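Pasted below: start-v6.pdb, PDB, C-alpha atoms, pLDDT in the B column.
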```
ATOM      1  CA  MET I   1      17.597  10.118   7.983  1.00 33.00           C
ATOM      2  CA  GLY I   2      16.307  12.058   4.991  1.00 38.00           C
ATOM      3  CA  VAL I   3      18.099  13.890   2.228  1.00 37.00           C
ATOM      4  CA  LYS I   4      21.534  15.388   3.044  1.00 39.00           C
ATOM      5  CA  GLY I   5      21.519  13.889   6.514  1.00 41.00           C
ATOM      6  CA  LYS I   6      18.565  15.901   7.791  1.00 40.00           C
ATOM      7  CA  PRO I   7      16.110  14.182  10.138  1.00 40.00           C
ATOM      8  CA  GLU I   8      12.961  13.037   8.389  1.00 53.00           C
ATOM      9  CA  GLU I   9       9.975  15.239   9.117  1.00 61.00           C
ATOM     10  CA  GLU I  10       7.078  13.371  10.652  1.00 74.00           C
ATOM     11  CA  GLY I  11       4.183  13.204   8.240  1.00 88.00           C
ATOM     12  CA  ILE I  12       0.547  13.762   9.173  1.00 93.00           C
ATOM     13  CA  SER I  13      -0.180  10.056   8.793  1.00 94.00           C
ATOM     14  CA  GLU I  14       2.671   9.145  11.133  1.00 93.00           C
ATOM     15  CA  LEU I  15       1.463  11.751  13.617  1.00 94.00           C
ATOM     16  CA  LEU I  16      -2.043  10.287  13.637  1.00 95.00           C
ATOM     17  CA  LEU I  17      -0.795   6.711  13.864  1.00 95.00           C
ATOM     18  CA  GLY I  18       1.449   7.666  16.762  1.00 93.00           C
ATOM     19  CA  TYR I  19      -1.430   9.358  18.564  1.00 95.00           C
ATOM     20  CA  LEU I  20      -3.669   6.331  18.126  1.00 95.00           C
ATOM     21  CA  GLU I  21      -1.066   3.989  19.533  1.00 93.00           C
ATOM     22  CA  ASP I  22      -0.056   6.256  22.416  1.00 93.00           C
ATOM     23  CA  GLU I  23      -3.411   7.659  23.455  1.00 93.00           C
ATOM     24  CA  VAL I  24      -6.259   5.540  22.060  1.00 94.00           C
ATOM     25  CA  PHE I  25      -4.846   2.016  22.077  1.00 94.00           C
ATOM     26  CA  GLY I  26      -2.570   3.010  24.946  1.00 91.00           C
ATOM     27  CA  ARG I  27      -5.557   3.472  27.236  1.00 93.00           C
ATOM     28  CA  LEU I  28      -6.648  -0.115  26.703  1.00 93.00           C
ATOM     29  CA  GLY I  29      -5.537  -3.104  28.698  1.00 92.00           C
ATOM     30  CA  GLN I  30      -3.810  -6.085  27.114  1.00 92.00           C
ATOM     31  CA  SER I  31      -6.976  -8.189  27.113  1.00 95.00           C
ATOM     32  CA  SER I  32      -8.871  -5.435  25.282  1.00 94.00           C
ATOM     33  CA  LEU I  33      -6.098  -5.118  22.695  1.00 92.00           C
ATOM     34  CA  GLU I  34      -6.150  -8.858  22.088  1.00 93.00           C
ATOM     35  CA  ALA I  35      -9.919  -8.713  21.648  1.00 94.00           C
ATOM     36  CA  ILE I  36      -9.508  -5.946  19.055  1.00 94.00           C
ATOM     37  CA  LYS I  37      -6.924  -8.020  17.173  1.00 91.00           C
ATOM     38  CA  ARG I  38      -9.313 -10.974  17.024  1.00 93.00           C
ATOM     39  CA  ARG I  39     -12.201  -8.771  15.957  1.00 94.00           C
ATOM     40  CA  ALA I  40     -10.089  -7.208  13.208  1.00 90.00           C
ATOM     41  CA  LEU I  41      -9.744 -10.610  11.531  1.00 87.00           C
ATOM     42  CA  ASP I  42     -13.473 -10.655  10.775  1.00 90.00           C
ATOM     43  CA  PRO I  43     -14.488  -8.355   7.872  1.00 87.00           C
ATOM     44  CA  SER I  44     -17.555  -6.969   9.639  1.00 92.00           C
ATOM     45  CA  GLY I  45     -15.603  -6.553  12.853  1.00 94.00           C
ATOM     46  CA  ALA I  46     -12.813  -4.747  11.010  1.00 94.00           C
ATOM     47  CA  GLU I  47     -15.287  -2.292   9.481  1.00 96.00           C
ATOM     48  CA  ALA I  48     -16.742  -1.506  12.903  1.00 97.00           C
ATOM     49  CA  LEU I  49     -13.257  -1.005  14.339  1.00 97.00           C
ATOM     50  CA  LYS I  50     -12.298   1.362  11.532  1.00 97.00           C
ATOM     51  CA  ARG I  51     -15.361   3.494  12.256  1.00 97.00           C
ATOM     52  CA  TRP I  52     -14.482   3.505  15.962  1.00 97.00           C
ATOM     53  CA  ILE I  53     -10.909   4.618  15.224  1.00 97.00           C
ATOM     54  CA  VAL I  54     -12.040   7.417  12.894  1.00 98.00           C
ATOM     55  CA  ASP I  55     -14.614   8.617  15.426  1.00 97.00           C
ATOM     56  CA  SER I  56     -11.953   8.559  18.154  1.00 96.00           C
ATOM     57  CA  LEU I  57      -9.646  10.757  16.084  1.00 97.00           C
ATOM     58  CA  LEU I  58     -12.410  13.226  15.275  1.00 96.00           C
ATOM     59  CA  ARG I  59     -13.489  13.369  18.896  1.00 96.00           C
ATOM     60  CA  GLU I  60      -9.932  14.032  20.074  1.00 96.00           C
ATOM     61  CA  ARG I  61      -8.781  16.318  17.269  1.00 94.00           C
ATOM     62  CA  ASP I  62      -7.939  19.128  19.710  1.00 93.00           C
ATOM     63  CA  LYS I  63      -5.576  16.840  21.605  1.00 93.00           C
ATOM     64  CA  VAL I  64      -4.003  15.686  18.349  1.00 94.00           C
ATOM     65  CA  SER I  65      -3.443  19.274  17.191  1.00 92.00           C
ATOM     66  CA  ARG I  66      -1.299  19.982  20.251  1.00 90.00           C
ATOM     67  CA  ARG I  67       1.277  17.553  18.897  1.00 86.00           C
ATOM     68  CA  THR I  68       2.131  19.529  15.767  1.00 84.00           C
ATOM     69  CA  LEU I  69       2.554  23.025  14.367  1.00 78.00           C
ATOM     70  CA  ARG I  70       1.214  21.880  10.993  1.00 79.00           C
ATOM     71  CA  ARG I  71      -2.348  22.910  11.848  1.00 80.00           C
ATOM     72  CA  VAL I  72      -3.384  23.612   8.248  1.00 79.00           C
ATOM     73  CA  ASP I  73      -2.279  20.158   7.062  1.00 85.00           C
ATOM     74  CA  LEU I  74      -3.968  18.560  10.037  1.00 90.00           C
ATOM     75  CA  GLU I  75      -7.262  20.358   9.416  1.00 90.00           C
ATOM     76  CA  ALA I  76      -7.179  19.197   5.800  1.00 88.00           C
ATOM     77  CA  ALA I  77      -6.630  15.637   6.977  1.00 93.00           C
ATOM     78  CA  PHE I  78      -9.513  15.807   9.440  1.00 95.00           C
ATOM     79  CA  SER I  79     -11.822  17.079   6.703  1.00 94.00           C
ATOM     80  CA  ASP I  80     -11.208  13.949   4.603  1.00 94.00           C
ATOM     81  CA  ARG I  81     -12.931  10.944   6.149  1.00 95.00           C
ATOM     82  CA  ALA I  82     -11.540   8.644   3.441  1.00 94.00           C
ATOM     83  CA  PHE I  83      -8.016   9.582   4.537  1.00 96.00           C
ATOM     84  CA  LEU I  84      -8.871   8.957   8.184  1.00 97.00           C
ATOM     85  CA  THR I  85     -10.332   5.589   7.225  1.00 97.00           C
ATOM     86  CA  ARG I  86      -7.063   4.704   5.517  1.00 97.00           C
ATOM     87  CA  ILE I  87      -5.241   5.700   8.713  1.00 97.00           C
ATOM     88  CA  SER I  88      -7.517   3.340  10.641  1.00 97.00           C
ATOM     89  CA  GLU I  89      -6.666   0.476   8.270  1.00 96.00           C
ATOM     90  CA  VAL I  90      -2.939   0.965   8.767  1.00 96.00           C
ATOM     91  CA  ALA I  91      -3.441   1.300  12.524  1.00 96.00           C
ATOM     92  CA  LEU I  92      -5.120  -2.116  12.554  1.00 95.00           C
ATOM     93  CA  GLU I  93      -2.309  -3.568  10.427  1.00 94.00           C
ATOM     94  CA  ARG I  94       0.249  -2.344  12.957  1.00 93.00           C
ATOM     95  CA  LEU I  95      -1.837  -3.583  15.860  1.00 91.00           C
ATOM     96  CA  ARG I  96      -2.036  -7.068  14.345  1.00 89.00           C
ATOM     97  CA  CYS I  97       1.660  -7.159  13.448  1.00 89.00           C
ATOM     98  CA  GLY I  98       3.057  -6.005  16.777  1.00 83.00           C
ATOM     99  CA  PRO I  99       4.882  -3.012  18.283  1.00 76.00           C
ATOM    100  CA  ASN I 100       7.923  -3.356  16.018  1.00 86.00           C
ATOM    101  CA  ALA I 101       5.912  -3.189  12.796  1.00 91.00           C
ATOM    102  CA  PRO I 102       6.952  -0.349  10.463  1.00 92.00           C
ATOM    103  CA  THR I 103       4.833   2.741  10.027  1.00 92.00           C
ATOM    104  CA  LEU I 104       3.707   4.162   6.688  1.00 94.00           C
ATOM    105  CA  ASN I 105       3.825   7.678   5.267  1.00 95.00           C
ATOM    106  CA  ILE I 106       0.469   8.399   3.611  1.00 96.00           C
ATOM    107  CA  GLU I 107      -0.060  11.630   1.709  1.00 94.00           C
ATOM    108  CA  PRO I 108      -3.348  13.204   2.850  1.00 92.00           C
ATOM    109  CA  LYS I 109      -3.925  15.057  -0.425  1.00 91.00           C
ATOM    110  CA  ARG I 110      -4.537  13.189  -3.666  1.00 93.00           C
ATOM    111  CA  LEU I 111      -2.143  13.989  -6.489  1.00 96.00           C
ATOM    112  CA  SER I 112      -3.533  16.050  -9.338  1.00 97.00           C
ATOM    113  CA  THR I 113      -2.960  14.994 -12.928  1.00 96.00           C
ATOM    114  CA  GLU I 114      -0.152  17.545 -13.200  1.00 96.00           C
ATOM    115  CA  GLU I 115       1.518  16.358  -9.986  1.00 96.00           C
ATOM    116  CA  THR I 116       1.228  12.739 -11.079  1.00 97.00           C
ATOM    117  CA  GLN I 117       2.786  13.553 -14.438  1.00 95.00           C
ATOM    118  CA  LYS I 118       5.663  15.333 -12.717  1.00 94.00           C
ATOM    119  CA  ILE I 119       6.429  12.268 -10.581  1.00 94.00           C
ATOM    120  CA  LEU I 120       5.845   9.497 -13.102  1.00 95.00           C
ATOM    121  CA  GLY I 121       6.766  11.350 -16.275  1.00 89.00           C
ATOM    122  CA  GLU I 122       6.862   9.287 -19.440  1.00 84.00           C
ATOM    123  CA  GLY I 123       8.196   6.185 -17.718  1.00 91.00           C
ATOM    124  CA  ILE I 124       6.757   2.698 -17.756  1.00 96.00           C
ATOM    125  CA  ASN I 125       4.395   2.082 -14.850  1.00 98.00           C
ATOM    126  CA  PHE I 126       5.205  -1.318 -13.366  1.00 98.00           C
ATOM    127  CA  GLY I 127       2.511  -2.373 -10.919  1.00 98.00           C
ATOM    128  CA  LEU I 128       3.292  -4.802  -8.126  1.00 98.00           C
ATOM    129  CA  ILE I 129      -0.155  -6.100  -7.226  1.00 98.00           C
ATOM    130  CA  PHE I 130      -0.511  -7.297  -3.652  1.00 97.00           C
ATOM    131  CA  GLY I 131      -3.038  -8.210  -0.997  1.00 94.00           C
ATOM    132  CA  ALA I 132      -0.806  -8.309   2.065  1.00 89.00           C
ATOM    133  CA  GLU I 133      -0.170  -5.645   4.710  1.00 92.00           C
ATOM    134  CA  SER I 134       0.949  -2.415   3.080  1.00 95.00           C
ATOM    135  CA  ILE I 135       3.279  -1.604   5.989  1.00 95.00           C
ATOM    136  CA  TYR I 136       5.441  -4.587   5.030  1.00 95.00           C
ATOM    137  CA  PHE I 137       4.987  -4.454   1.271  1.00 96.00           C
ATOM    138  CA  GLN I 138       6.566  -0.998   1.127  1.00 96.00           C
ATOM    139  CA  ASP I 139       9.967  -2.687   1.505  1.00 96.00           C
ATOM    140  CA  VAL I 140       9.280  -4.729  -1.637  1.00 97.00           C
ATOM    141  CA  VAL I 141       8.484  -1.560  -3.585  1.00 97.00           C
ATOM    142  CA  LEU I 142      11.694   0.088  -2.408  1.00 97.00           C
ATOM    143  CA  ALA I 143      13.791  -2.966  -3.305  1.00 97.00           C
ATOM    144  CA  PHE I 144      12.348  -3.120  -6.833  1.00 97.00           C
ATOM    145  CA  GLN I 145      12.840   0.624  -7.421  1.00 97.00           C
ATOM    146  CA  VAL I 146      16.429   0.542  -6.152  1.00 97.00           C
ATOM    147  CA  ASP I 147      17.147  -2.405  -8.436  1.00 96.00           C
ATOM    148  CA  GLU I 148      15.559  -0.556 -11.366  1.00 95.00           C
ATOM    149  CA  PHE I 149      17.642   2.542 -10.704  1.00 93.00           C
ATOM    150  CA  SER I 150      20.932   0.673 -10.326  1.00 93.00           C
ATOM    151  CA  SER I 151      20.408  -1.371 -13.496  1.00 92.00           C
ATOM    152  CA  ARG I 152      18.880   1.355 -15.691  1.00 90.00           C
ATOM    153  CA  PRO I 153      20.839   1.968 -18.924  1.00 86.00           C
ATOM    154  CA  LEU I 154      22.514   5.371 -19.168  1.00 79.00           C
ATOM    155  CA  ARG I 155      20.028   6.636 -21.732  1.00 78.00           C
ATOM    156  CA  GLY I 156      17.237   4.286 -20.776  1.00 79.00           C
ATOM    157  CA  GLY I 157      13.780   5.347 -19.697  1.00 86.00           C
ATOM    158  CA  LYS I 158      12.600   5.148 -16.116  1.00 91.00           C
ATOM    159  CA  VAL I 159      10.417   2.354 -14.781  1.00 96.00           C
ATOM    160  CA  ASN I 160       8.047   3.569 -12.068  1.00 97.00           C
ATOM    161  CA  VAL I 161       7.535   0.826  -9.502  1.00 98.00           C
ATOM    162  CA  LEU I 162       4.050   1.144  -8.013  1.00 98.00           C
ATOM    163  CA  GLY I 163       2.828  -1.070  -5.201  1.00 98.00           C
ATOM    164  CA  VAL I 164      -0.898  -1.422  -5.816  1.00 98.00           C
ATOM    165  CA  HIS I 165      -3.183  -3.218  -3.382  1.00 97.00           C
ATOM    166  CA  LEU I 166      -5.876  -5.154  -5.196  1.00 96.00           C
ATOM    167  CA  ASP I 167      -8.475  -2.878  -3.558  1.00 96.00           C
ATOM    168  CA  TRP I 168      -6.829   0.122  -5.259  1.00 97.00           C
ATOM    169  CA  LEU I 169      -7.534  -1.125  -8.780  1.00 98.00           C
ATOM    170  CA  THR I 170     -10.309   0.048 -11.070  1.00 98.00           C
ATOM    171  CA  GLU I 171     -12.349  -2.344 -13.189  1.00 96.00           C
ATOM    172  CA  LYS I 172      -9.969  -1.507 -16.044  1.00 97.00           C
ATOM    173  CA  GLY I 173      -6.876  -2.427 -14.049  1.00 97.00           C
ATOM    174  CA  GLU I 174      -5.787   1.149 -13.353  1.00 98.00           C
ATOM    175  CA  ALA I 175      -4.456   2.378 -10.006  1.00 98.00           C
ATOM    176  CA  VAL I 176      -6.289   4.952  -7.892  1.00 98.00           C
ATOM    177  CA  ARG I 177      -3.707   4.649  -5.094  1.00 98.00           C
ATOM    178  CA  ALA I 178      -0.177   3.286  -4.856  1.00 98.00           C
ATOM    179  CA  LEU I 179       2.991   2.917  -2.847  1.00 98.00           C
ATOM    180  CA  LEU I 180       5.899   4.629  -4.584  1.00 98.00           C
ATOM    181  CA  VAL I 181       9.423   5.849  -3.876  1.00 97.00           C
ATOM    182  CA  ASP I 182       9.824   9.626  -3.695  1.00 93.00           C
ATOM    183  CA  GLU I 183      12.833  11.776  -4.569  1.00 90.00           C
ATOM    184  CA  SER I 184      14.326  11.277  -1.092  1.00 92.00           C
ATOM    185  CA  TRP I 185      14.119   7.479  -1.498  1.00 94.00           C
ATOM    186  CA  ARG I 186      11.351   7.108   1.031  1.00 94.00           C
ATOM    187  CA  VAL I 187       8.288   5.025   0.300  1.00 97.00           C
ATOM    188  CA  LYS I 188       5.008   6.850   0.586  1.00 96.00           C
ATOM    189  CA  GLU I 189       1.423   6.040  -0.219  1.00 98.00           C
ATOM    190  CA  VAL I 190      -0.393   8.414  -2.524  1.00 97.00           C
ATOM    191  CA  GLY I 191      -3.845   8.677  -4.016  1.00 96.00           C
ATOM    192  CA  PHE I 192      -4.469   9.883  -7.564  1.00 97.00           C
ATOM    193  CA  GLU I 193      -7.259  12.237  -8.596  1.00 96.00           C
ATOM    194  CA  ALA I 194      -7.251  10.484 -11.971  1.00 97.00           C
ATOM    195  CA  ALA I 195      -6.577   6.748 -12.159  1.00 98.00           C
ATOM    196  CA  VAL I 196      -3.077   5.881 -13.376  1.00 98.00           C
ATOM    197  CA  PRO I 197      -2.619   3.304 -16.163  1.00 97.00           C
ATOM    198  CA  LEU I 198      -0.374   0.319 -15.484  1.00 98.00           C
ATOM    199  CA  HIS I 199       1.728  -0.884 -18.400  1.00 98.00           C
ATOM    200  CA  VAL I 200       3.181  -4.038 -16.834  1.00 98.00           C
ATOM    201  CA  VAL I 201       2.044  -5.900 -13.715  1.00 98.00           C
ATOM    202  CA  GLN I 202       3.271  -8.662 -11.461  1.00 97.00           C
ATOM    203  CA  THR I 203       0.944 -10.210  -8.909  1.00 97.00           C
ATOM    204  CA  LEU I 204       2.460 -10.970  -5.501  1.00 93.00           C
ATOM    205  CA  HIS I 205       1.441 -11.777  -1.929  1.00 90.00           C
ATOM    206  CA  LEU I 206      -2.286 -12.416  -2.238  1.00 93.00           C
ATOM    207  CA  PRO I 207      -4.260 -13.708   0.767  1.00 89.00           C
ATOM    208  CA  PHE I 208      -3.600 -17.448   0.940  1.00 87.00           C
ATOM    209  CA  SER I 209      -7.227 -18.432   1.516  1.00 85.00           C
ATOM    210  CA  ARG I 210      -8.351 -16.734  -1.717  1.00 90.00           C
ATOM    211  CA  GLU I 211      -5.115 -16.696  -3.678  1.00 93.00           C
ATOM    212  CA  THR I 212      -6.193 -18.862  -6.618  1.00 93.00           C
ATOM    213  CA  ASP I 213      -9.530 -17.152  -7.207  1.00 95.00           C
ATOM    214  CA  LEU I 214      -8.106 -13.653  -6.795  1.00 95.00           C
ATOM    215  CA  HIS I 215      -5.178 -14.320  -9.111  1.00 97.00           C
ATOM    216  CA  ARG I 216      -7.504 -15.718 -11.774  1.00 96.00           C
ATOM    217  CA  ARG I 217      -9.813 -12.698 -11.588  1.00 96.00           C
ATOM    218  CA  LEU I 218      -6.943 -10.213 -11.608  1.00 97.00           C
ATOM    219  CA  SER I 219      -5.346 -11.961 -14.550  1.00 97.00           C
ATOM    220  CA  ASP I 220      -8.618 -11.774 -16.492  1.00 97.00           C
ATOM    221  CA  THR I 221      -8.907  -8.052 -15.721  1.00 97.00           C
ATOM    222  CA  PHE I 222      -5.385  -7.301 -16.906  1.00 97.00           C
ATOM    223  CA  ARG I 223      -5.762  -9.455 -20.012  1.00 97.00           C
ATOM    224  CA  ASP I 224      -8.992  -7.698 -20.994  1.00 97.00           C
ATOM    225  CA  ALA I 225      -7.267  -4.334 -20.497  1.00 97.00           C
ATOM    226  CA  GLY I 226      -4.288  -5.336 -22.642  1.00 97.00           C
ATOM    227  CA  ILE I 227      -1.825  -5.019 -19.750  1.00 98.00           C
ATOM    228  CA  VAL I 228       1.347  -7.105 -19.929  1.00 97.00           C
ATOM    229  CA  GLN I 229       1.565  -9.619 -17.070  1.00 97.00           C
ATOM    230  CA  VAL I 230       4.817 -11.025 -15.726  1.00 96.00           C
ATOM    231  CA  ASN I 231       3.011 -13.930 -14.078  1.00 95.00           C
ATOM    232  CA  PRO I 232      -0.486 -14.447 -15.512  1.00 96.00           C
ATOM    233  CA  TYR I 233      -2.670 -16.938 -13.690  1.00 94.00           C
ATOM    234  CA  GLU I 234      -2.285 -19.715 -16.256  1.00 89.00           C
ATOM    235  CA  ALA I 235       1.514 -19.659 -16.097  1.00 83.00           C
ATOM    236  CA  SER I 236       1.507 -19.568 -12.310  1.00 70.00           C
ATOM    237  CA  GLU I 237      -0.976 -22.432 -12.177  1.00 65.00           C
ATOM    238  CA  ARG I 238       1.344 -24.576 -14.267  1.00 53.00           C
ATOM    239  CA  ALA I 239       4.345 -23.622 -12.141  1.00 49.00           C
ATOM    240  CA  ASP I 240       2.428 -24.748  -9.052  1.00 52.00           C
ATOM    241  CA  ASP I 241       1.556 -28.088 -10.667  1.00 49.00           C
ATOM    242  CA  LYS I 242       4.447 -30.310  -9.569  1.00 46.00           C
ATOM    243  CA  ALA I 243       3.352 -33.269 -11.722  1.00 53.00           C
ATOM    244  CA  TRP I 244       3.182 -31.110 -14.857  1.00 46.00           C
ATOM    245  CA  THR I 245       6.535 -29.513 -14.018  1.00 49.00           C
ATOM    246  CA  HIS I 246       8.140 -32.934 -13.571  1.00 47.00           C
ATOM    247  CA  GLU I 247       6.694 -34.135 -16.890  1.00 58.00           C
ATOM    248  CA  LEU I 248       8.046 -31.055 -18.657  1.00 48.00           C
ATOM    249  CA  TRP I 249      11.447 -31.636 -17.077  1.00 50.00           C
ATOM    250  CA  LEU I 250      11.468 -35.227 -18.387  1.00 57.00           C
ATOM    251  CA  ARG I 251      10.686 -34.011 -21.911  1.00 58.00           C
ATOM    252  CA  CYS I 252      13.603 -31.593 -21.813  1.00 54.00           C
ATOM    253  CA  ARG I 253      16.191 -34.089 -20.604  1.00 55.00           C
TER     254      ARG I 253
END
```

Represent the structure contained in this file as structure tokens.
Amino acid sequence: MGVKGKPEEEGISELLLGYLEDEVFGRLGQSSLEAIKRRALDPSGAEALKRWIVDSLLRERDKVSRRTLRRVDLEAAFSDRAFLTRISEVALERLRCGPNAPTLNIEPKRLSTEETQKILGEGINFGLIFGAESIYFQDVVLAFQVDEFSSRPLRGGKVNVLGVHLDWLTEKGEAVRALLVDESWRVKEVGFEAAVPLHVVQTLHLPFSRETDLHRRLSDTFRDAGIVQVNPYEASERADDKAWTHELWLRCR
């Protein structure tokens, strides 16, 4: 339910994801779906699948349009291949994670500088840096923002919790896209016309196979940019070193 008990309006991203699952993936047999899941694990295979999904949507845009009265919004979405590619990425996430995986509300239009300022204001931008599936990480963003709101001092400034996938970072550690909580307390993914600075970051949920290398590189980027880190690589490395931790514990006894 949305604000004041009204049903939540289906977004364009949710419409497209629903169409893909009902009509495109729905036409495939179980063996074909399993083959797609396996192919999606390979980077080159995933890129080919994303192109196939985008082409399928463009080819069937007339069928998609029959599902909504928001024709203007839909036409704008179809004119932005980058947006459709993002839809394809989330579609593959949901396919890999199963039929009960959550969906994700993605804004088709990037926020202007003025719109970004209106949402973020003068608050501190706290970036949660992740490399996991965005459909699941949105719950982490919501939990952090709820905690921030409930513990915010009466006259204290706002902390904007932004879930930022490592692929959404610039070389200077700014965010060009993020998961955030809107005024109705729903998580949505937005893109920014101008990259948004991050004032504090915490790195979470990186791919296990590359976790150490990615964390080190991210930590270097944030350090060079002068961004405060909750868990810089060096501190995390020590925390993971059980022998060093045990030695420190003995010193403090």

message = Please report the interatomic distance between CA of Glu93 (chain I) and CA of Leu128 (chain I) in Å with one decimal.
response = 19.4 Å

Selection result for the PyMOL selection byres ((chain I and resi 58) around 12) on this file, as an mmCIF file with C-alpha atoms, in the frame of the given file:
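Writing done, so here's part.cif:
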```
data_model
loop_
_atom_site.group_PDB
_atom_site.id
_atom_site.type_symbol
_atom_site.label_atom_id
_atom_site.label_comp_id
_atom_site.auth_asym_id
_atom_site.auth_seq_id
_atom_site.Cartn_x
_atom_site.Cartn_y
_atom_site.Cartn_z
ATOM 1 C CA LEU I 16 -2.043 10.287 13.637
ATOM 2 C CA LEU I 20 -3.669 6.331 18.126
ATOM 3 C CA VAL I 24 -6.259 5.540 22.060
ATOM 4 C CA ARG I 51 -15.361 3.494 12.256
ATOM 5 C CA TRP I 52 -14.482 3.505 15.962
ATOM 6 C CA ILE I 53 -10.909 4.618 15.224
ATOM 7 C CA VAL I 54 -12.040 7.417 12.894
ATOM 8 C CA ASP I 55 -14.614 8.617 15.426
ATOM 9 C CA SER I 56 -11.953 8.559 18.154
ATOM 10 C CA LEU I 57 -9.646 10.757 16.084
ATOM 11 C CA ARG I 59 -13.489 13.369 18.896
ATOM 12 C CA GLU I 60 -9.932 14.032 20.074
ATOM 13 C CA ARG I 61 -8.781 16.318 17.269
ATOM 14 C CA ASP I 62 -7.939 19.128 19.710
ATOM 15 C CA LYS I 63 -5.576 16.840 21.605
ATOM 16 C CA VAL I 64 -4.003 15.686 18.349
ATOM 17 C CA SER I 65 -3.443 19.274 17.191
ATOM 18 C CA LEU I 74 -3.968 18.560 10.037
ATOM 19 C CA GLU I 75 -7.262 20.358 9.416
ATOM 20 C CA ALA I 77 -6.630 15.637 6.977
ATOM 21 C CA PHE I 78 -9.513 15.807 9.440
ATOM 22 C CA SER I 79 -11.822 17.079 6.703
ATOM 23 C CA ASP I 80 -11.208 13.949 4.603
ATOM 24 C CA ARG I 81 -12.931 10.944 6.149
ATOM 25 C CA LEU I 84 -8.871 8.957 8.184
ATOM 26 C CA THR I 85 -10.332 5.589 7.225
ATOM 27 C CA SER I 88 -7.517 3.340 10.641
#
```

request  = Calculate how many Å separate CA of Lys109 (chain I) from CA of Ala225 (chain I), rounding to one decimal.
outcome  =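 These two atoms are separated by 28.1 Å.
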
message = So that I can check the surroundings of region 132-149 of chain I, please list as a ChimeraX atom specification every protein, DNA and RNA residue that reaches within 10 Å of it, counting only C-alpha atoms and ignoring chain neighbours fewer than 4 positions away.
response = /I:89-94,96-97,101-105,126-128,153,158-166,178-182,185-189,204-208

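What separates CA of Glu114 (chain I) from CA of Glu10 (chain I) is a distance of 25.3 Å.
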
task = Counting only C-alpha atoms, write as a PyMOL selection string all protein and nucleic acid residues lying at most 9 Å from (10.8, 11.5, -21.6) in the file's frame.
result = chain I and resi 121-123+157-158

request  = Would you kindly return, as a list in words, each protein, DNA or RNA residue with an atom no farther than 10 Å from any atom of Asp73 (chain I), considering all atoms listed in the file and excluding same-chain residues fewer than 6 positions away?
outcome  =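 What passes the distance filter is Gly11, Ile12, Pro108 and Lys109 of chain I.
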
Save region 212-223 of chain I from what I just supplied, as a short mmCIF file (atom, residue, chain, number, x, y, z; two decimals), in the first residue's frame, atoms limited to N, CA and C atoms.
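selection-v6.cif, freshly written:
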```cif
data_model
loop_
_atom_site.label_atom_id
_atom_site.label_comp_id
_atom_site.auth_asym_id
_atom_site.auth_seq_id
_atom_site.Cartn_x
_atom_site.Cartn_y
_atom_site.Cartn_z
N THR I 212 38.14 -8.98 -2.03
CA THR I 212 39.34 -8.32 -1.51
C THR I 212 39.86 -7.27 -2.47
N ASP I 213 40.00 -7.64 -3.74
CA ASP I 213 40.53 -6.70 -4.73
C ASP I 213 39.61 -5.50 -4.92
N LEU I 214 38.31 -5.77 -5.00
CA LEU I 214 37.35 -4.67 -5.20
C LEU I 214 37.34 -3.73 -4.01
N HIS I 215 37.36 -4.29 -2.80
CA HIS I 215 37.33 -3.44 -1.61
C HIS I 215 38.59 -2.57 -1.54
N ARG I 216 39.73 -3.15 -1.89
CA ARG I 216 40.97 -2.37 -1.88
C ARG I 216 40.90 -1.22 -2.87
N ARG I 217 40.44 -1.50 -4.08
CA ARG I 217 40.36 -0.46 -5.11
C ARG I 217 39.35 0.62 -4.74
N LEU I 218 38.20 0.21 -4.21
CA LEU I 218 37.20 1.19 -3.80
C LEU I 218 37.73 2.07 -2.67
N SER I 219 38.40 1.44 -1.73
CA SER I 219 38.94 2.18 -0.60
C SER I 219 39.96 3.21 -1.07
N ASP I 220 40.79 2.84 -2.03
CA ASP I 220 41.77 3.78 -2.59
C ASP I 220 41.06 4.96 -3.26
N THR I 221 40.00 4.65 -4.01
CA THR I 221 39.24 5.71 -4.70
C THR I 221 38.65 6.70 -3.70
N PHE I 222 38.03 6.18 -2.65
CA PHE I 222 37.40 7.05 -1.67
C PHE I 222 38.44 7.84 -0.88
N ARG I 223 39.57 7.21 -0.58
CA ARG I 223 40.62 7.92 0.15
C ARG I 223 41.17 9.07 -0.68
#
```
